[in-house]
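For reference, the structure is listed below as C-alpha cells.
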Amino acid sequence: MILSVKDLTIHIGAARPVEGVSFDIAPGECFALLGESGCGKSMTALGIMRLLPLAAQVAGGAVEFEGNDLLALPESGMRDVRGGGIGMIFQEPATSLNPVLTVGSQIVEALQLHAGLQGAAARTRAAELLDQVGIPDPRRRLDEYPFQLSGGLRQRVMIAIALAGSPRLLIADEPTTALDVTIQAQVLDLLDDLRRKQEMALLLITHDLGVVARMADRVGVMYAGQLVEVAPRRAFFAHPAHPYSVRLFAALPDAERRGGRLATIPGSVPAADVRHAGCRFVERCSEVMPVCRSAPPPWREVDAGPLGQRVRCFLPGAAPGVAPTVGAGETPLAFESKPLLDVTGLQVHFPIRRGILQRVVGAVRAVDGMSLQLMPGRTLALVGESGCGKTTAGKAMLQLLRPTAGSVLLDGVELTTRSTGELRPLRAKMQMVFQDPFASLNPRLRIGDIIAEGMQALGTGAKSGGDMAARVGTLLEQVGLRADMTGRYPHEFSGGQRQRIAIARALAVNPQLLICDEPTSALDVSVQAQILNLLSDLQSELKLAYLFITHNIAVVDYLAHDVAVMYLGRVVERGSADEVLRHARHPYTKALLAAVPRIDGLGKAVVKLSGDMPSPANPPAGCHFHPRCPLADEACRRSYPAERLFGATHAVRCIKA
C-alpha cells in the first residue's frame with residue numbers, strides 16, 4: 001500500500017472532527033471519500049498532509065506513506081513529501097492561490113522545488129501544464145493574476161500546480177466542484193490517465209456521486225467524523241448498505257422528479273463536539289432501533305472478501321430504499337404573452353490594454369450579441385462551459401456591469417439607458433443570488449442586519465424596528481431557518497445555511513426576477529435537494545421568475561422550464577427543457593449532455609470535446625464552435641450561422657442542425 005491510515009483521530013479542543021478513521025490506498029488506485037460538509041473529509045486530508053490549523057492536533061493513530069510514518073517526520077522532512085511525494089488540490093482555489101503573484105510564477109515555483117526546472121524550461125513546462133488541464137491561451141494566462149480568472153479556471157490552475165511535482169499520491173479535495181461537465185470530463189480523464197500511466201494513487205474527496213461512479217475503485221462514506229461504509233464502486237452503486245448512503249442517492253435531482261419534491265435528509269450533521277453513546281446517524285435515521293441509541297454499531301461484512309462491502313450499522317441487511325415524492329411532470333403555468341425579461345443583442349466587451357500608455361489593442365468579448373426572453377413565473381436555465389460568459393451576462397442584465405451594447409427590458413422598462421440613481425428604485429424588482437455565499441455576505445454584520453439592509457436601502461420594508469425584525473424572522477422561516485438566528489454571524493452557519501441566508505436577503509425586497517448564479521454548485525446532494533425544494537416552493541408561492549446559471553444538467557432537468565445554451569458569449573440553442581435536453585440539435589449541446597457522468601454502478605465512459613474553448617479575446621471566424629465540431633466544413637468557417645427555428649420555441653444556430 002502506498003498510503004495506510006490507521007485509527008486517525010483529530011482533536012480541536014473539545015471537538016472531534018475525525019475519530020478512528022482507517023483506510024488503505026494501493027498504487028494506481030482511486031479511493032473516494034464521500035459525505036456531507038462537516039463530516040470530516042477535508043480534515044482527514046489535512047491531517048494526512050500535516051497541514052492542520054494551529055488549534056488542531058492529531059490525538060491518535062498512524063499515517064504511513066511508502067512505509068514512512070508521516071506523523072513522526074520533522075517539518076523539514078514533510079516539506080520534501082508535500083508536492084513531490086503527495087500533491088494536494090485544495091477545495092477553495094481563491095484562497096489557496098497567492099493573489100499578488102501571477103499564475104505562471106506560482107506554477108514555476110512548484111517546478112523549481114520538485115522538478116528542478118529553471119528559467120525558460122520551467123515557463124514552457126508551466127504552459128504545458130495549463131494546456132493539459134484545459135486552459136485556453138495558456139501562454140497569455142501565465143502572466144495573469146488569480147483575480148483575472150473565473151472560478152473554474154482558478155480550479156484548473158490549482159490542479160496544474162498539484163501536478164507540477166509529479167506526485168505518487170494526489171489528494172483531490174472537490175477538484176471539479178466549480179467546473180462544467182465538459183471540463184470536468186477533461187480533468188477527470190487527465191487524473192485517470194495519470195494514475196494509470198504513472199501508478200499515481202488518488203484520494204478523491206467529493207460529494208458528487210457521478211464523479212465517484214466515473215473515477216473510484218473503492219468508496220468510503222464518512223459521517224460525523226467516522227467512516228460508516230466502505231465498498232468497491234460496483235457494489236456501492238448497485239446496493240448501498242448504510243441508511244445514510246441510501247438517502248444520498250434518493251436526494252439526487254432528475255427529470256422524473258420534476259414537479260415533485262426531492263427526498264431530503266432531516267436535520268444536519270451533528271457538531272464535532274457532540275458525544276455519541278450510540279450510532280452517530282441515529283437522529284436522522286428512519287430505521288432507528290433501541291440498540292442504535294445505546295451502543296456504537298460494529299463493522300459488519302455485507303459482502304465477504306478482501307475488498308468486500310463493510311458497513312457500520314445494526315441493520316441485518318442493506319438499508320431499504322427511500323422513495324422520493326415524484327411529480328406528475330412540469331406544472332402548467334398561466335400563459336403570459338409579455339416577457340418579464342427581454343434581452344436583445346447584449347454585448348459586454350472588456351478592453352485589452354498594453355504598453356506604458358495602456359493603449360487599447362483589443363477586447364475580450366465576454367458576451368457578444370446575446371438574446372433571450374424570460375416569462376413571469378418560469379425558470380430559464382443558462383448553461384455552458386466555464387468562461388463562456390454566463391455570469392457576466394447575468395450581472396450585465398442587472399446592470400451590475402454596464403453593457404457595451406444591446407437592450408435589457410425588465411417588465412417593459414429599458415435598463416441600459418438608466419443612470420445609477422434611476423436604477424435604484426428598480427433594484428427591488430431584480431435580485432441576484434451569488435455563487436459563493438460566504439464571499440457575498442458581510443462577515444462583520446449579523447444575518448438579521450444583512451437581510452434588513454436591502455429593505456432599508458430601497459425603502460421596501462416595514463417602517464418600525466419591531467415590524468422590520470418580524471419581517472426578517474418571517475423571511476428566515478420562509479427559507480427553512482429559525483427566526484431566533486438573526487443575531488448570529490455568517491461564519492456560524494454551514495454552506496447550505498449561508499446559501500439560504502443569501503436567498504432570504506434577495507427575497508427581502510419582494511423581487512419579480514431572481515438571477516441564481518450556481519447556487520448549488522458547492523453544496524452536498526442532501527443540502528442541494530433542500531435548496532431546490534425551497535426554490536421550487538418559493539416560485540409556486542411568490543410567482544418568481546428565475547434565471548438559473550448552472551453547469552449541473554441534472555438540476556436543469558429537475559427545475560428549469562426553458563434552457564439556453566451559451567458558447568463563447570452567444571446563445572447557440574434555446575427552447576423548452578424537453579426540447580433542448582431530450583432533442584438537442586446543436587453539436588455543442590449534444591457534447592454537453594454526453595459529458596455528464598452517469599450513476600449506473602459502472603462509471604460509463606464520457607464523451608469529451610476535442611480541443612479547448614477559443615479565447616474570447618480572439619474568437620474564430622465563422623461559427624465559433626467549428627474548431628471543435630466534428631461536423632464542421634468550409635461553410636461553417638465563413639460566416640456565423642443564423643438562427644433556425646424548429647417549432648415555436650426551439651431555436652438553433654447551426655447549419656448542420
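Every chain in the C-alpha cells takes a letter, A first, then B, and so on in the order presented; its residues are numbered from 1, and the ligands are numbered from 1 following the presented order.
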
Mind checking DSSP for region 262-465 of chain A and telling me the strand (DSSP E or B) residues as a VMD selection string?
chain A and resid 299 to 301 310 to 312 341 to 354 359 to 374 379 to 383 405 to 410 413 to 414 430 to 433

Pull N, CA and C atoms from the residues just selected and write them as a compact mmCIF listing (two decimals), in the first residue's frame.
# COMPACT_ATOMS: atom_id res chain seq x y z
N TRP A 299 -18.52 -2.77 12.91
CA TRP A 299 -18.35 -3.03 11.47
C TRP A 299 -18.94 -4.42 11.16
N ARG A 300 -19.65 -4.50 10.04
CA ARG A 300 -20.26 -5.76 9.63
C ARG A 300 -20.00 -5.98 8.14
N GLU A 301 -19.66 -7.21 7.78
CA GLU A 301 -19.41 -7.55 6.39
C GLU A 301 -20.74 -7.76 5.67
N ARG A 310 -18.31 -3.31 3.56
CA ARG A 310 -18.46 -3.30 5.02
C ARG A 310 -19.29 -2.09 5.42
N VAL A 311 -20.09 -2.25 6.47
CA VAL A 311 -20.96 -1.17 6.91
C VAL A 311 -20.97 -1.12 8.43
N ARG A 312 -21.03 0.09 8.98
CA ARG A 312 -21.09 0.29 10.43
C ARG A 312 -22.56 0.55 10.79
N LEU A 341 -38.45 39.56 -18.63
CA LEU A 341 -37.09 39.96 -19.01
C LEU A 341 -36.90 39.72 -20.50
N ASP A 342 -36.54 40.76 -21.22
CA ASP A 342 -36.34 40.66 -22.67
C ASP A 342 -34.97 41.25 -23.00
N VAL A 343 -34.03 40.38 -23.36
CA VAL A 343 -32.65 40.78 -23.66
C VAL A 343 -32.41 40.64 -25.16
N THR A 344 -31.90 41.71 -25.78
CA THR A 344 -31.66 41.70 -27.22
C THR A 344 -30.26 42.22 -27.53
N GLY A 345 -29.47 41.43 -28.22
CA GLY A 345 -28.15 41.86 -28.70
C GLY A 345 -27.21 42.32 -27.62
N LEU A 346 -27.26 41.70 -26.45
CA LEU A 346 -26.45 42.14 -25.32
C LEU A 346 -24.96 41.87 -25.58
N GLN A 347 -24.13 42.89 -25.36
CA GLN A 347 -22.68 42.77 -25.52
C GLN A 347 -21.98 43.34 -24.28
N VAL A 348 -20.96 42.61 -23.82
CA VAL A 348 -20.08 43.10 -22.76
C VAL A 348 -18.65 42.83 -23.22
N HIS A 349 -17.93 43.89 -23.61
CA HIS A 349 -16.55 43.77 -24.08
C HIS A 349 -15.62 44.46 -23.08
N PHE A 350 -14.57 43.77 -22.68
CA PHE A 350 -13.58 44.34 -21.78
C PHE A 350 -12.32 44.70 -22.58
N PRO A 351 -11.86 45.94 -22.53
CA PRO A 351 -10.70 46.34 -23.33
C PRO A 351 -9.41 45.67 -22.86
N ILE A 352 -8.55 45.33 -23.81
CA ILE A 352 -7.21 44.82 -23.52
C ILE A 352 -6.23 45.97 -23.74
N ARG A 353 -5.48 46.32 -22.69
CA ARG A 353 -4.57 47.47 -22.76
C ARG A 353 -3.12 46.97 -22.65
N ARG A 354 -2.25 47.59 -23.43
CA ARG A 354 -0.84 47.20 -23.41
C ARG A 354 0.04 48.45 -23.46
N ARG A 359 -2.52 51.60 -24.14
CA ARG A 359 -3.39 51.74 -25.30
C ARG A 359 -4.28 50.50 -25.45
N VAL A 360 -5.48 50.71 -25.93
CA VAL A 360 -6.42 49.60 -26.17
C VAL A 360 -6.00 48.90 -27.47
N VAL A 361 -5.64 47.61 -27.35
CA VAL A 361 -5.17 46.87 -28.53
C VAL A 361 -6.16 45.76 -28.92
N GLY A 362 -7.23 45.64 -28.19
CA GLY A 362 -8.23 44.62 -28.50
C GLY A 362 -9.28 44.59 -27.41
N ALA A 363 -10.12 43.56 -27.42
CA ALA A 363 -11.18 43.44 -26.43
C ALA A 363 -11.48 41.97 -26.16
N VAL A 364 -11.79 41.69 -24.90
CA VAL A 364 -12.31 40.37 -24.53
C VAL A 364 -13.82 40.43 -24.68
N ARG A 365 -14.34 39.67 -25.63
CA ARG A 365 -15.78 39.70 -25.92
C ARG A 365 -16.49 38.67 -25.04
N ALA A 366 -16.66 39.02 -23.76
CA ALA A 366 -17.23 38.08 -22.79
C ALA A 366 -18.67 37.71 -23.15
N VAL A 367 -19.47 38.70 -23.54
CA VAL A 367 -20.82 38.48 -24.05
C VAL A 367 -20.90 39.22 -25.38
N ASP A 368 -21.32 38.51 -26.42
CA ASP A 368 -21.14 39.05 -27.77
C ASP A 368 -22.39 38.88 -28.62
N GLY A 369 -23.47 39.57 -28.22
CA GLY A 369 -24.69 39.51 -29.03
C GLY A 369 -25.66 38.47 -28.53
N MET A 370 -26.03 38.55 -27.25
CA MET A 370 -26.90 37.56 -26.63
C MET A 370 -28.34 38.04 -26.61
N SER A 371 -29.25 37.14 -26.93
CA SER A 371 -30.68 37.48 -26.90
C SER A 371 -31.45 36.34 -26.24
N LEU A 372 -32.36 36.70 -25.31
CA LEU A 372 -33.22 35.70 -24.68
C LEU A 372 -34.42 36.39 -24.05
N GLN A 373 -35.43 35.58 -23.73
CA GLN A 373 -36.63 36.08 -23.05
C GLN A 373 -36.95 35.16 -21.88
N LEU A 374 -37.44 35.77 -20.80
CA LEU A 374 -37.86 35.01 -19.62
C LEU A 374 -39.26 35.46 -19.24
N THR A 379 -38.71 29.36 -15.05
CA THR A 379 -37.28 29.23 -14.81
C THR A 379 -36.57 29.00 -16.13
N LEU A 380 -35.63 29.90 -16.45
CA LEU A 380 -34.78 29.75 -17.63
C LEU A 380 -33.38 29.39 -17.16
N ALA A 381 -32.90 28.22 -17.56
CA ALA A 381 -31.55 27.78 -17.19
C ALA A 381 -30.57 28.23 -18.27
N LEU A 382 -29.48 28.86 -17.83
CA LEU A 382 -28.42 29.30 -18.74
C LEU A 382 -27.22 28.40 -18.48
N VAL A 383 -26.88 27.55 -19.47
CA VAL A 383 -25.82 26.56 -19.28
C VAL A 383 -24.71 26.77 -20.31
N ALA A 405 -23.19 47.15 -25.46
CA ALA A 405 -24.28 47.41 -26.40
C ALA A 405 -25.42 46.46 -26.07
N GLY A 406 -26.58 46.73 -26.70
CA GLY A 406 -27.72 45.86 -26.52
C GLY A 406 -28.81 46.47 -25.68
N SER A 407 -29.89 45.73 -25.53
CA SER A 407 -31.07 46.20 -24.81
C SER A 407 -31.46 45.18 -23.75
N VAL A 408 -31.85 45.69 -22.56
CA VAL A 408 -32.36 44.84 -21.48
C VAL A 408 -33.65 45.48 -20.98
N LEU A 409 -34.76 44.82 -21.22
CA LEU A 409 -36.07 45.31 -20.77
C LEU A 409 -36.53 44.47 -19.59
N LEU A 410 -36.83 45.11 -18.47
CA LEU A 410 -37.40 44.44 -17.31
C LEU A 410 -38.83 44.94 -17.13
N VAL A 413 -39.41 48.04 -19.07
CA VAL A 413 -38.58 49.22 -18.78
C VAL A 413 -37.15 48.96 -19.24
N GLU A 414 -36.61 49.86 -20.08
CA GLU A 414 -35.24 49.73 -20.57
C GLU A 414 -34.26 50.09 -19.44
N MET A 430 -35.42 43.18 -9.13
CA MET A 430 -34.44 42.22 -9.65
C MET A 430 -33.33 42.03 -8.62
N GLN A 431 -33.07 40.79 -8.28
CA GLN A 431 -32.05 40.47 -7.29
C GLN A 431 -31.20 39.31 -7.79
N MET A 432 -30.03 39.13 -7.15
CA MET A 432 -29.10 38.08 -7.56
C MET A 432 -28.65 37.28 -6.35
N VAL A 433 -28.59 35.96 -6.51
CA VAL A 433 -28.00 35.06 -5.52
C VAL A 433 -26.67 34.61 -6.08

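The coordinates place CA of Val571 (chain A) at 21.0 Å from CA of Lys338 (chain A).
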
What's the 8 Å shell around Lys543 (chain A), counting only C-alpha atoms, without same-chain residues fewer than 2 positions away, as a ChimeraX atom specification?
/A:376-377,512,538-541,545

Might you pull out every residue within 12 Å of Asp69 (chain A), with only C-alpha atoms counted and same-chain residues fewer than 2 positions away left off, and present them as a list in words?
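Result of the neighbour search: Ile2, Leu3, Ser4, Val5, Lys6, Ile48, Met49, Arg50, Gly61, Ala62, Val63, Glu64, Phe65, Glu66, Gly67, Leu71, Ala72, Leu73, Pro74, Gly77, Met78 and Val81 of chain A.
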
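Closest approach to His586 (chain A) among A:Leu631, A:Leu400, A:Ala255, A:Leu51 is made by A:Leu631 (distances from only C-alpha atoms).
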
Please list as a list in words every residue within 7 Å of Leu130 (chain A), counting only C-alpha atoms and excluding residues in the same chain fewer than 4 positions away.
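My list of contacting residues is Ala126, Gly134, Ile135, Pro138, Val157 and Ala160 of chain A.
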
Please compute the CA of Gly104 (chain A)-CA of Thr182 (chain A) distance, one decimal, in Å.
24.2 Å

Neighbouring residues of Gln106 (chain A) were defined as those with any atom within 12 Å, considering only C-alpha atoms; residues of the same chain fewer than 2 positions away were excluded. Please report them as JSON, numbers by chain.
{"A": [96, 97, 98, 99, 100, 101, 102, 103, 104, 108, 109, 110, 111, 112, 113, 122, 123, 126, 127, 130, 142, 143, 144, 145, 146, 157, 158, 159, 160, 161, 162, 164]}

What's around Gly35 (chain A) at 8 Å? Count only C-alpha atoms, leave out sequence neighbours fewer than 6 positions away in its own chain, and write the answer as a VMD selection string.
chain A and resid 41 206 to 207 221 to 223 524

Which residue, A:Glu385, A:Asp80, A:Glu92, A:Glu128, has the smallest gap to Ala595 (chain A) when you use only C-alpha atoms?
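Distance minimum relative to Ala595 (chain A) lands on A:Glu385.
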
Per-residue DSSP, region 551-620 of chain A, filtered to helix (DSSP H, G or I), as a ChimeraX atom specification
/A:553-559,577-582,587-594

Between A:Pro136, A:Pro93, A:Gly28, A:Pro437, which has the minimum distance to Gln155 (chain A) (counting only C-alpha atoms)?
A:Pro93
